[in-house]
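Engineer: Sharing a structure below in structure tokens format, with a few things to ask.
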Amino acid sequence: MSGDPRTTPEPPGVATEPLRPVTPGSAPASPAVGPTTGPAVLPTGAVGLTPAEAARAIEGVLLDGLDPESAPARSAIPVPAGELLMMPAASKAYVGVKIAGVAPANPAVGLPRITGGYLLLDGPTLQPVALLDGIALTSLRTPAVTAVALDRLAVPEAGHLVLFGSGPQAYGHLDALLAVRRLTRLTVVARSAEPAEALVRYARGLGLEAGVGTPAAVAGADLVVCCTTARTPLFDGALVPDHAAVAAVGSHEVDAREVDEVLVGRSALYVEARAAALREAGDLLMAGVTGADPLWNLAELVRGEAPVPADRPRFFKSVGMAWQDLAVAAEAHRRGVG
């Protein structure tokens with residue numbers, strides 16, 4: 001990875017004190033139930049890694065030989081409030097499972113759309129060793145994966161990031177990309193003006209030239225990152241310059257997409273794993289991509305086996321995979337006990 005990690009101020013709305021595990025036998029005070037707090041939440045441990053450390057953990061397992069194509073598929077179970085996701089993964093040293101909820105109605109009552117926790121077990125004995133904050137883990141590992149990919153797909157002089165979205169993943173992606181690249185300019189494109197302006201202020205505090213823009217801003221982008229809940233394309237793919245690198249991370253559903261078939265058809269295509277993308281990546285499937293199309297996986301990109309053409313956009317589609325959670329959770333645990 002190029003560039004140096006940066007120490008960044010805390011994004012608005014993120015607690016500065018980490019969540020702490022409960023001492024066995026003790027009972028924490030339960031917060032009152034209300035429109036912005038919800039029911040009592042199980043205390044879990046903070047992840048405790050920087051964006052650069054999380055990216056190195058992702059790179060490390062791929063360089064050590066992990067094959068994303070053999071990773072277990074997630075289980076998605078419809079429940080009354082939305083969807084329950086179960087994502088298991090295993091290595092010789094650790095086993096882990098993330099249980100995540102997707103509750104579309106939560107934001108309307110001041111609660112996060114994504115909920116959940118992560119249970120980490122010792123690999124040889126399957127004894128539980130840590131319970132991590134599932135939201136914090138997802139907010140860290142997804143941008144880390146994007147940063148690993150885009151650091152290899154972006155042109156060396158890439159400085160202008162166009163970022164779609166203004167939620168936790170938008171902050172996470174900005175921090176992660178700053179950990180691997182020396183960005184100079186940010187354009188935020190979001191549905192709501194107030195959150196977009198808050199992200200702009202955060203970016204200016206990091207020393208970036210930043211402002212709110214429209215989807216047409218992609219015409220001047222070096223990097224485009226989409227981390228939204230959109231189900232239809234966010235911009236005209238014909239506007240993206242040939243030198244740009246684009247990432248879409250917002251969905252894992254076959255009928256949802258953030259980019260159009262024009263961009264997909266113009267671009268060299270990269271995914272976490274071909275098998276997962278062909279199951280879940282609506283951005284690709286709705287554009288007509290099949291197993292016959294050239295799709296390079298992240299391990300091939302990290303190991304230098306995937307071509308990176310300079311004459312057309314490079315598009316990375318992420319759906320989120322369980323091996324990524326395990327890589328980051330295991331690294332956090334190793335640092336905590338080491």
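A note on labels: chains of the structure tokens are A, B, ... as shown, every chain counts residues from 1, and ligands are counted from 1 in their shown order.
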Run DSSP on the backbone and grab whatever in range 88-253 of chain A lands in alpha helix (DSSP H); send it over as a PDB file with C-alpha atoms, in the first residue's frame.

Structural biologist:
ATOM      1  CA  GLY A 134     -20.502  -6.502  14.760  1.00  0.00           C
ATOM      2  CA  ILE A 135     -21.344  -3.019  13.478  1.00  0.00           C
ATOM      3  CA  ALA A 136     -17.864  -1.718  14.283  1.00  0.00           C
ATOM      4  CA  LEU A 137     -16.297  -4.768  12.637  1.00  0.00           C
ATOM      5  CA  THR A 138     -18.335  -4.336   9.453  1.00  0.00           C
ATOM      6  CA  SER A 139     -17.645  -0.594   9.404  1.00  0.00           C
ATOM      7  CA  LEU A 140     -13.923  -1.359   9.530  1.00  0.00           C
ATOM      8  CA  ARG A 141     -13.508  -4.438   7.348  1.00  0.00           C
ATOM      9  CA  THR A 142     -15.627  -3.330   4.374  1.00  0.00           C
ATOM     10  CA  PRO A 143     -13.624  -0.120   3.810  1.00  0.00           C
ATOM     11  CA  ALA A 144     -10.405  -2.085   4.384  1.00  0.00           C
ATOM     12  CA  VAL A 145     -11.313  -4.455   1.551  1.00  0.00           C
ATOM     13  CA  THR A 146     -12.124  -1.516  -0.727  1.00  0.00           C
ATOM     14  CA  ALA A 147      -8.857   0.195   0.169  1.00  0.00           C
ATOM     15  CA  VAL A 148      -6.847  -2.932  -0.627  1.00  0.00           C
ATOM     16  CA  ALA A 149      -8.529  -3.174  -4.039  1.00  0.00           C
ATOM     17  CA  LEU A 150      -8.501   0.497  -5.012  1.00  0.00           C
ATOM     18  CA  ASP A 151      -4.894   1.010  -3.953  1.00  0.00           C
ATOM     19  CA  ARG A 152      -4.032  -1.413  -6.742  1.00  0.00           C
ATOM     20  CA  LEU A 153      -6.622  -0.223  -9.260  1.00  0.00           C
ATOM     21  CA  PRO A 168     -20.854   5.178   8.711  1.00  0.00           C
ATOM     22  CA  GLN A 169     -19.525   3.365   5.644  1.00  0.00           C
ATOM     23  CA  ALA A 170     -18.814   6.690   3.951  1.00  0.00           C
ATOM     24  CA  TYR A 171     -16.700   7.831   6.910  1.00  0.00           C
ATOM     25  CA  GLY A 172     -15.028   4.432   7.057  1.00  0.00           C
ATOM     26  CA  HIS A 173     -14.163   4.486   3.374  1.00  0.00           C
ATOM     27  CA  LEU A 174     -12.740   7.978   3.554  1.00  0.00           C
ATOM     28  CA  ASP A 175     -10.525   7.000   6.482  1.00  0.00           C
ATOM     29  CA  ALA A 176      -9.441   3.734   4.842  1.00  0.00           C
ATOM     30  CA  LEU A 177      -8.566   5.356   1.527  1.00  0.00           C
ATOM     31  CA  LEU A 178      -6.615   8.081   3.317  1.00  0.00           C
ATOM     32  CA  ALA A 179      -4.627   5.313   4.974  1.00  0.00           C
ATOM     33  CA  VAL A 180      -3.401   4.050   1.603  1.00  0.00           C
ATOM     34  CA  ALA A 193     -27.969  17.825   2.795  1.00  0.00           C
ATOM     35  CA  GLU A 194     -27.190  17.868   6.528  1.00  0.00           C
ATOM     36  CA  PRO A 195     -25.329  14.518   6.699  1.00  0.00           C
ATOM     37  CA  ALA A 196     -23.495  15.381   3.486  1.00  0.00           C
ATOM     38  CA  GLU A 197     -22.311  18.698   4.942  1.00  0.00           C
ATOM     39  CA  ALA A 198     -21.228  16.946   8.144  1.00  0.00           C
ATOM     40  CA  LEU A 199     -19.031  14.583   6.130  1.00  0.00           C
ATOM     41  CA  VAL A 200     -17.615  17.554   4.212  1.00  0.00           C
ATOM     42  CA  ARG A 201     -16.688  19.256   7.490  1.00  0.00           C
ATOM     43  CA  TYR A 202     -15.051  16.052   8.700  1.00  0.00           C
ATOM     44  CA  ALA A 203     -13.007  15.816   5.487  1.00  0.00           C
ATOM     45  CA  ARG A 204     -11.931  19.448   5.726  1.00  0.00           C
ATOM     46  CA  GLY A 205     -10.718  18.698   9.243  1.00  0.00           C
TER      47      GLY A 205
END

Engineer: Find the residues near range 87-100 of chain A: any atom within 12 Å, counting only C-alpha atoms, skip ones fewer than 5 places away on the same chain, and give them as a CSV table (one decimal) with N, CA, C and O atoms, in the first residue's frame.

Structural biologist:
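Result file result_9.csv:
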chain,number,residue,atom,x,y,z
A,61,VAL,N,-3.9,-12.3,4.9
A,61,VAL,CA,-4.5,-13.6,4.7
A,61,VAL,C,-4.5,-14.0,3.2
A,61,VAL,O,-4.4,-15.2,2.9
A,64,ASP,N,-1.1,-15.0,2.3
A,64,ASP,CA,-0.8,-16.3,2.9
A,64,ASP,C,-1.4,-17.5,2.3
A,64,ASP,O,-1.3,-18.7,2.7
A,65,GLY,N,-2.3,-17.2,1.2
A,65,GLY,CA,-2.8,-18.3,0.4
A,65,GLY,C,-4.3,-18.5,0.6
A,65,GLY,O,-4.8,-19.5,0.0
A,66,LEU,N,-5.0,-17.7,1.4
A,66,LEU,CA,-6.5,-17.9,1.5
A,66,LEU,C,-7.1,-17.8,0.1
A,66,LEU,O,-6.8,-16.9,-0.7
A,67,ASP,N,-8.0,-18.8,-0.2
A,67,ASP,CA,-8.7,-18.8,-1.5
A,67,ASP,C,-10.1,-18.3,-1.3
A,67,ASP,O,-11.0,-19.0,-0.7
A,68,PRO,N,-10.5,-17.1,-1.6
A,68,PRO,CA,-11.8,-16.6,-1.4
A,68,PRO,C,-12.9,-17.4,-2.1
A,68,PRO,O,-14.0,-17.4,-1.7
A,70,SER,N,-13.3,-20.5,-2.1
A,70,SER,CA,-13.7,-21.7,-1.3
A,70,SER,C,-14.4,-21.2,0.0
A,70,SER,O,-14.8,-22.1,0.8
A,71,ALA,N,-14.6,-19.9,0.3
A,71,ALA,CA,-15.2,-19.5,1.5
A,71,ALA,C,-16.7,-19.8,1.5
A,71,ALA,O,-17.4,-19.8,0.5
A,72,PRO,N,-17.2,-20.1,2.7
A,72,PRO,CA,-18.6,-20.5,2.8
A,72,PRO,C,-19.5,-19.3,2.5
A,72,PRO,O,-19.2,-18.1,2.7
A,73,ALA,N,-20.7,-19.6,1.9
A,73,ALA,CA,-21.7,-18.6,1.6
A,73,ALA,C,-22.4,-18.1,2.8
A,73,ALA,O,-22.5,-18.9,3.8
A,74,ARG,N,-22.8,-16.9,2.8
A,74,ARG,CA,-23.7,-16.4,3.9
A,74,ARG,C,-25.0,-17.0,3.9
A,74,ARG,O,-25.5,-17.4,2.8
A,75,SER,N,-25.7,-17.2,5.0
A,75,SER,CA,-27.1,-17.6,5.1
A,75,SER,C,-27.9,-16.3,5.3
A,75,SER,O,-27.6,-15.5,6.2
A,76,ALA,N,-29.0,-16.1,4.6
A,76,ALA,CA,-29.9,-15.0,4.7
A,76,ALA,C,-31.2,-15.5,5.0
A,76,ALA,O,-31.8,-16.3,4.3
A,77,ILE,N,-31.8,-15.1,6.2
A,77,ILE,CA,-33.1,-15.6,6.7
A,77,ILE,C,-34.0,-14.5,6.8
A,77,ILE,O,-33.8,-13.5,7.6
A,79,VAL,N,-36.8,-12.4,8.4
A,79,VAL,CA,-37.5,-12.3,9.7
A,79,VAL,C,-38.4,-11.1,9.7
A,79,VAL,O,-38.4,-10.3,8.8
A,82,GLY,N,-36.9,-7.7,9.1
A,82,GLY,CA,-36.0,-7.5,7.9
A,82,GLY,C,-35.3,-8.8,7.5
A,82,GLY,O,-36.0,-9.7,7.0
A,112,PRO,N,-29.5,2.1,14.2
A,112,PRO,CA,-28.8,1.7,13.0
A,112,PRO,C,-29.5,0.7,12.2
A,112,PRO,O,-30.2,-0.2,12.7
A,113,ARG,N,-29.4,0.8,10.9
A,113,ARG,CA,-30.0,-0.2,9.9
A,113,ARG,C,-29.4,-1.5,10.1
A,113,ARG,O,-30.1,-2.6,10.0
A,114,ILE,N,-28.1,-1.6,10.3
A,114,ILE,CA,-27.3,-2.8,10.4
A,114,ILE,C,-27.0,-3.0,11.9
A,114,ILE,O,-26.5,-2.2,12.6
A,115,THR,N,-27.3,-4.3,12.4
A,115,THR,CA,-27.0,-4.6,13.8
A,115,THR,C,-26.2,-5.9,13.8
A,115,THR,O,-26.1,-6.6,12.8
A,116,GLY,N,-25.8,-6.3,15.0
A,116,GLY,CA,-25.2,-7.6,15.1
A,116,GLY,C,-23.9,-7.7,16.0
A,116,GLY,O,-23.5,-6.7,16.6
A,117,GLY,N,-23.4,-8.9,16.1
A,117,GLY,CA,-22.2,-9.2,16.9
A,117,GLY,C,-21.4,-10.2,16.2
A,117,GLY,O,-21.8,-10.9,15.3
A,118,TYR,N,-20.1,-10.4,16.7
A,118,TYR,CA,-19.2,-11.3,16.1
A,118,TYR,C,-18.6,-12.2,17.2
A,118,TYR,O,-18.0,-11.6,18.2
A,119,LEU,N,-18.7,-13.5,17.1
A,119,LEU,CA,-18.2,-14.4,18.1
A,119,LEU,C,-16.9,-15.1,17.5
A,119,LEU,O,-17.0,-15.7,16.4
A,120,LEU,N,-15.8,-14.9,18.2
A,120,LEU,CA,-14.5,-15.4,17.7
A,120,LEU,C,-14.2,-16.6,18.6
A,120,LEU,O,-14.3,-16.5,19.9
A,121,LEU,N,-13.8,-17.7,18.0
A,121,LEU,CA,-13.4,-18.9,18.8
A,121,LEU,C,-12.0,-19.4,18.5
A,121,LEU,O,-11.5,-19.1,17.4
A,122,ASP,N,-11.4,-20.0,19.4
A,122,ASP,CA,-10.1,-20.6,19.2
A,122,ASP,C,-10.2,-21.8,18.2
A,122,ASP,O,-11.1,-22.6,18.3
A,123,GLY,N,-9.4,-21.8,17.2
A,123,GLY,CA,-9.5,-22.8,16.1
A,123,GLY,C,-9.4,-24.2,16.6
A,123,GLY,O,-10.2,-25.1,16.3
A,124,PRO,N,-8.3,-24.6,17.3
A,124,PRO,CA,-8.1,-26.0,17.7
A,124,PRO,C,-9.1,-26.5,18.7
A,124,PRO,O,-9.4,-27.7,18.7
A,125,THR,N,-9.6,-25.6,19.6
A,125,THR,CA,-10.5,-26.1,20.6
A,125,THR,C,-12.0,-25.7,20.5
A,125,THR,O,-12.8,-26.2,21.2
A,126,LEU,N,-12.2,-24.7,19.6
A,126,LEU,CA,-13.5,-24.1,19.4
A,126,LEU,C,-14.1,-23.5,20.7
A,126,LEU,O,-15.3,-23.3,20.9
A,127,GLN,N,-13.2,-23.0,21.6
A,127,GLN,CA,-13.6,-22.3,22.8
A,127,GLN,C,-13.8,-20.8,22.4
A,127,GLN,O,-12.9,-20.3,21.8
A,128,PRO,N,-14.9,-20.2,22.8
A,128,PRO,CA,-15.0,-18.7,22.6
A,128,PRO,C,-13.9,-17.9,23.2
A,128,PRO,O,-13.5,-18.2,24.4
A,129,VAL,N,-13.3,-17.0,22.5
A,129,VAL,CA,-12.3,-16.1,23.0
A,129,VAL,C,-12.6,-14.7,23.0
A,129,VAL,O,-12.0,-13.9,23.7
A,130,ALA,N,-13.6,-14.3,22.2
A,130,ALA,CA,-13.9,-12.8,22.1
A,130,ALA,C,-15.3,-12.6,21.5
A,130,ALA,O,-15.7,-13.4,20.6
A,131,LEU,N,-16.0,-11.6,22.0
A,131,LEU,CA,-17.2,-11.2,21.4
A,131,LEU,C,-17.0,-9.7,21.0
A,131,LEU,O,-16.8,-8.9,21.8
A,132,LEU,N,-17.1,-9.5,19.6
A,132,LEU,CA,-16.8,-8.1,19.1
A,132,LEU,C,-18.1,-7.4,18.6
A,132,LEU,O,-19.1,-8.1,18.3
A,133,ASP,N,-18.0,-6.1,18.6
A,133,ASP,CA,-19.1,-5.3,18.1
A,133,ASP,C,-19.2,-5.5,16.6
A,133,ASP,O,-18.3,-5.2,15.8
A,134,GLY,N,-20.3,-6.1,16.2
A,134,GLY,CA,-20.5,-6.5,14.8
A,134,GLY,C,-20.6,-5.3,13.8
A,134,GLY,O,-20.1,-5.3,12.7
A,135,ILE,N,-21.2,-4.2,14.3
A,135,ILE,CA,-21.3,-3.0,13.5
A,135,ILE,C,-20.0,-2.4,13.3
A,135,ILE,O,-19.6,-2.0,12.2
A,136,ALA,N,-19.2,-2.3,14.4
A,136,ALA,CA,-17.9,-1.7,14.3
A,136,ALA,C,-17.0,-2.6,13.4
A,136,ALA,O,-16.2,-2.0,12.6
A,137,LEU,N,-17.1,-3.9,13.5
A,137,LEU,CA,-16.3,-4.8,12.6
A,137,LEU,C,-16.6,-4.6,11.2
A,137,LEU,O,-15.7,-4.4,10.3
A,138,THR,N,-17.9,-4.5,10.8
A,138,THR,CA,-18.3,-4.3,9.5
A,138,THR,C,-17.9,-3.0,8.9
A,138,THR,O,-17.5,-2.8,7.8
A,320,GLY,N,-19.3,-8.3,0.5
A,320,GLY,CA,-19.0,-8.7,1.9
A,320,GLY,C,-18.9,-10.2,2.1
A,320,GLY,O,-19.8,-10.9,1.7
A,321,MET,N,-17.8,-10.7,2.6
A,321,MET,CA,-17.6,-12.1,2.8
A,321,MET,C,-17.1,-12.4,4.2
A,321,MET,O,-16.4,-11.6,4.8
A,322,ALA,N,-17.4,-13.6,4.7
A,322,ALA,CA,-17.1,-13.9,6.1
A,322,ALA,C,-15.6,-14.0,6.4
A,322,ALA,O,-15.2,-13.7,7.5
A,323,TRP,N,-14.8,-14.4,5.4
A,323,TRP,CA,-13.4,-14.5,5.7
A,323,TRP,C,-12.8,-13.1,6.0
A,323,TRP,O,-11.8,-13.0,6.7
A,324,GLN,N,-13.4,-12.1,5.5
A,324,GLN,CA,-12.9,-10.7,5.8
A,324,GLN,C,-13.1,-10.4,7.3
A,324,GLN,O,-12.2,-9.8,8.0
A,325,ASP,N,-14.3,-10.7,7.8
A,325,ASP,CA,-14.6,-10.5,9.2
A,325,ASP,C,-13.6,-11.3,10.1
A,325,ASP,O,-13.1,-10.7,11.1
A,326,LEU,N,-13.4,-12.5,9.7
A,326,LEU,CA,-12.5,-13.4,10.5
A,326,LEU,C,-11.0,-12.8,10.5
A,326,LEU,O,-10.4,-12.8,11.5
A,327,ALA,N,-10.6,-12.3,9.3
A,327,ALA,CA,-9.2,-11.8,9.2
A,327,ALA,C,-9.0,-10.6,10.2
A,327,ALA,O,-8.0,-10.5,10.9
A,328,VAL,N,-10.0,-9.7,10.2
A,328,VAL,CA,-9.9,-8.5,11.0
A,328,VAL,C,-10.1,-8.8,12.5
A,328,VAL,O,-9.4,-8.3,13.3
A,329,ALA,N,-11.1,-9.6,12.8
A,329,ALA,CA,-11.4,-10.0,14.2
A,329,ALA,C,-10.2,-10.8,14.8
A,329,ALA,O,-9.8,-10.5,15.9
A,330,ALA,N,-9.6,-11.7,14.0
A,330,ALA,CA,-8.4,-12.4,14.5
A,330,ALA,C,-7.3,-11.5,14.8
A,330,ALA,O,-6.5,-11.7,15.8
A,331,GLU,N,-7.0,-10.6,13.9
A,331,GLU,CA,-5.9,-9.6,14.1
A,331,GLU,C,-6.2,-8.8,15.3
A,331,GLU,O,-5.2,-8.5,16.1
A,332,ALA,N,-7.4,-8.3,15.5
A,332,ALA,CA,-7.7,-7.5,16.7
A,332,ALA,C,-7.5,-8.3,17.9
A,332,ALA,O,-6.9,-7.8,18.9
A,333,HIS,N,-7.9,-9.6,17.9
A,333,HIS,CA,-7.7,-10.4,19.1
A,333,HIS,C,-6.2,-10.7,19.4
A,333,HIS,O,-5.7,-10.6,20.5
A,334,ARG,N,-5.4,-11.0,18.3
A,334,ARG,CA,-4.0,-11.2,18.5
A,334,ARG,C,-3.3,-10.0,19.1
A,334,ARG,O,-2.5,-10.1,20.0

Engineer: Please list as an MDAnalysis selection string every residue within 9 Å of Pro307 in chain A, counting only C-alpha atoms and excluding residues in the same chain fewer than 6 positions away.

Structural biologist: chainID A and resid 268 296 301

Engineer: Go ahead and save the residues from that selection, with N, CA and C atoms, as a short mmCIF file (atom, residue, chain, number, x, y, z; two decimals), in the first residue's frame.

Structural biologist:
data_model
loop_
_atom_site.label_atom_id
_atom_site.label_comp_id
_atom_site.auth_asym_id
_atom_site.auth_seq_id
_atom_site.Cartn_x
_atom_site.Cartn_y
_atom_site.Cartn_z
N ALA A 268 -12.86 -3.01 -16.70
CA ALA A 268 -12.26 -4.25 -16.23
C ALA A 268 -12.88 -4.55 -14.87
N TRP A 296 -11.78 -10.91 -12.12
CA TRP A 296 -10.57 -11.19 -11.34
C TRP A 296 -10.90 -11.05 -9.86
N LEU A 301 -5.63 -10.10 -7.52
CA LEU A 301 -5.20 -8.70 -7.60
C LEU A 301 -4.08 -8.43 -6.60
#

Engineer: Figure out the distance between CA of Ala108 in chain A and CA of Val225 in chain A, please, to one decimal in Å.

Structural biologist: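 Going from CA of Val225 in chain A over to CA of Ala108 in chain A covers 25.1 Å.
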
Engineer: If you count only C-alpha atoms, which residues fall within 6 Å of range 313-317 of chain A, apart from same-chain ones fewer than 5 positions away, as a list in words?

Structural biologist: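 Selected residues are Asp242, His243, Ala244, Ala245, Val246, Ala247, Ala248, Ser267, Ala268, Leu269, Tyr270 and Val271 of chain A.
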
Engineer: Any chance you could export the current selection's N, CA, C and O atoms as an mmCIF file, in the first residue's frame?

Structural biologist:
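The resulting again19.cif:
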data_model
loop_
_atom_site.group_PDB
_atom_site.id
_atom_site.type_symbol
_atom_site.label_atom_id
_atom_site.label_comp_id
_atom_site.auth_asym_id
_atom_site.auth_seq_id
_atom_site.Cartn_x
_atom_site.Cartn_y
_atom_site.Cartn_z
ATOM 1 N N ASP A 242 -11.768 7.201 -18.288
ATOM 2 C CA ASP A 242 -11.080 5.922 -18.488
ATOM 3 C C ASP A 242 -10.053 5.633 -17.402
ATOM 4 O O ASP A 242 -9.780 4.471 -17.096
ATOM 5 N N HIS A 243 -9.473 6.684 -16.807
ATOM 6 C CA HIS A 243 -8.407 6.454 -15.836
ATOM 7 C C HIS A 243 -8.928 6.146 -14.434
ATOM 8 O O HIS A 243 -8.162 5.798 -13.537
ATOM 9 N N ALA A 244 -10.261 6.248 -14.236
ATOM 10 C CA ALA A 244 -10.821 6.168 -12.883
ATOM 11 C C ALA A 244 -10.979 4.728 -12.412
ATOM 12 O O ALA A 244 -11.164 3.794 -13.199
ATOM 13 N N ALA A 245 -10.942 4.567 -11.085
ATOM 14 C CA ALA A 245 -11.267 3.302 -10.430
ATOM 15 C C ALA A 245 -12.527 3.504 -9.609
ATOM 16 O O ALA A 245 -12.677 4.514 -8.918
ATOM 17 N N VAL A 246 -13.440 2.539 -9.687
ATOM 18 C CA VAL A 246 -14.754 2.645 -9.059
ATOM 19 C C VAL A 246 -14.974 1.436 -8.166
ATOM 20 O O VAL A 246 -14.615 0.308 -8.530
ATOM 21 N N ALA A 247 -15.584 1.660 -6.997
ATOM 22 C CA ALA A 247 -15.971 0.556 -6.113
ATOM 23 C C ALA A 247 -17.422 0.742 -5.704
ATOM 24 O O ALA A 247 -17.865 1.858 -5.426
ATOM 25 N N ALA A 248 -18.172 -0.361 -5.647
ATOM 26 C CA ALA A 248 -19.552 -0.350 -5.162
ATOM 27 C C ALA A 248 -19.665 -1.405 -4.069
ATOM 28 O O ALA A 248 -19.347 -2.571 -4.294
ATOM 29 N N SER A 267 -15.794 -1.485 -18.243
ATOM 30 C CA SER A 267 -14.755 -1.619 -17.226
ATOM 31 C C SER A 267 -14.096 -2.987 -17.197
ATOM 32 O O SER A 267 -14.702 -4.006 -17.554
ATOM 33 N N ALA A 268 -12.864 -3.007 -16.700
ATOM 34 C CA ALA A 268 -12.255 -4.245 -16.232
ATOM 35 C C ALA A 268 -12.880 -4.547 -14.870
ATOM 36 O O ALA A 268 -13.071 -3.644 -14.051
ATOM 37 N N LEU A 269 -13.217 -5.815 -14.612
ATOM 38 C CA LEU A 269 -14.048 -6.179 -13.472
ATOM 39 C C LEU A 269 -13.276 -6.978 -12.427
ATOM 40 O O LEU A 269 -12.576 -7.948 -12.768
ATOM 41 N N TYR A 270 -13.466 -6.598 -11.172
ATOM 42 C CA TYR A 270 -12.781 -7.231 -10.045
ATOM 43 C C TYR A 270 -13.799 -7.466 -8.933
ATOM 44 O O TYR A 270 -14.671 -6.628 -8.683
ATOM 45 N N VAL A 271 -13.664 -8.589 -8.247
ATOM 46 C CA VAL A 271 -14.605 -8.971 -7.195
ATOM 47 C C VAL A 271 -13.832 -9.611 -6.051
ATOM 48 O O VAL A 271 -12.666 -9.968 -6.196
#

Engineer: From the list A:Ala306, A:Ala219, A:Ala275, A:Met86, which residue is nearest Gly291 in chain A when using only C-alpha atoms?

Structural biologist: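 Using only C-alpha atoms, the shortest distance to Gly291 in chain A belongs to A:Ala275.
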
Engineer: Find the residue from A:Gly101, A:Ala238, A:Gly250, A:Arg312 that sits nearest to Pro78 in chain A; use only C-alpha atoms when measuring.

Structural biologist: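 With only C-alpha atoms as the atom set, the closest residue is A:Gly101.
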
Engineer: Nearest to Asp283 in chain A: which of A:Leu239, A:Leu234, A:Leu298, A:Val102 is it, counting only C-alpha atoms?

Structural biologist: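 Looking at the shortest contact to Asp283 in chain A, the residue is A:Leu234.
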
Engineer: Nearest to Glu209 in chain A among A:Leu183, A:Ala292, A:Leu84, A:Val47, with distances taken over only C-alpha atoms: which residue is it?

Structural biologist: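 Among A:Leu183, A:Ala292, A:Leu84, A:Val47, it is A:Leu183 that comes nearest to Glu209 in chain A.
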
Engineer: Measuring between only C-alpha atoms, which one of A:Gly213, A:Gly207, A:Pro233, A:Pro104 shows the shortest distance to Met286 in chain A?

Structural biologist: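 Closest to Met286 in chain A of all the choices is A:Pro233.
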
Engineer: Contacts between range 156-163 of chain A and range 196-292 of chain A, please, where a residue of range 196-292 of chain A counts if it comes within 9 Å (with only C-alpha atoms); show its shortest atom pair and distance in Å to one decimal, rows by chain and ascending number, as CSV.

Structural biologist:
residue,atom,partner,partner_atom,distance
A:Gly213,CA,A:Val162,CA,8.5
A:Pro215,CA,A:Val162,CA,8.8
A:Ala217,CA,A:Val162,CA,6.9
A:Val218,CA,A:Val162,CA,6.4
A:Gly220,CA,A:His160,CA,7.7
A:Ala221,CA,A:His160,CA,5.5
A:Asp222,CA,A:Ala158,CA,5.2
A:Leu223,CA,A:Leu161,CA,4.7
A:Val224,CA,A:Val162,CA,4.8
A:Val225,CA,A:Leu163,CA,5.0
A:Cys226,CA,A:Leu163,CA,6.2
A:Cys227,CA,A:Leu163,CA,7.8
A:Ala244,CA,A:Ala158,CA,8.2

Engineer: Could you check which of A:Asp311, A:Arg279, A:Val262, A:Ala81 is closest to Ala105 in chain A, using only C-alpha atoms?

Structural biologist: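 Selected residue with least distance to Ala105 in chain A: A:Ala81.
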
Engineer: Would you compute the distance between CA of Ala276 in chain A and CA of Val319 in chain A? Give it in Å to one decimal.

Structural biologist: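 We find that CA of Ala276 in chain A and CA of Val319 in chain A lie 7.5 Å from each other.
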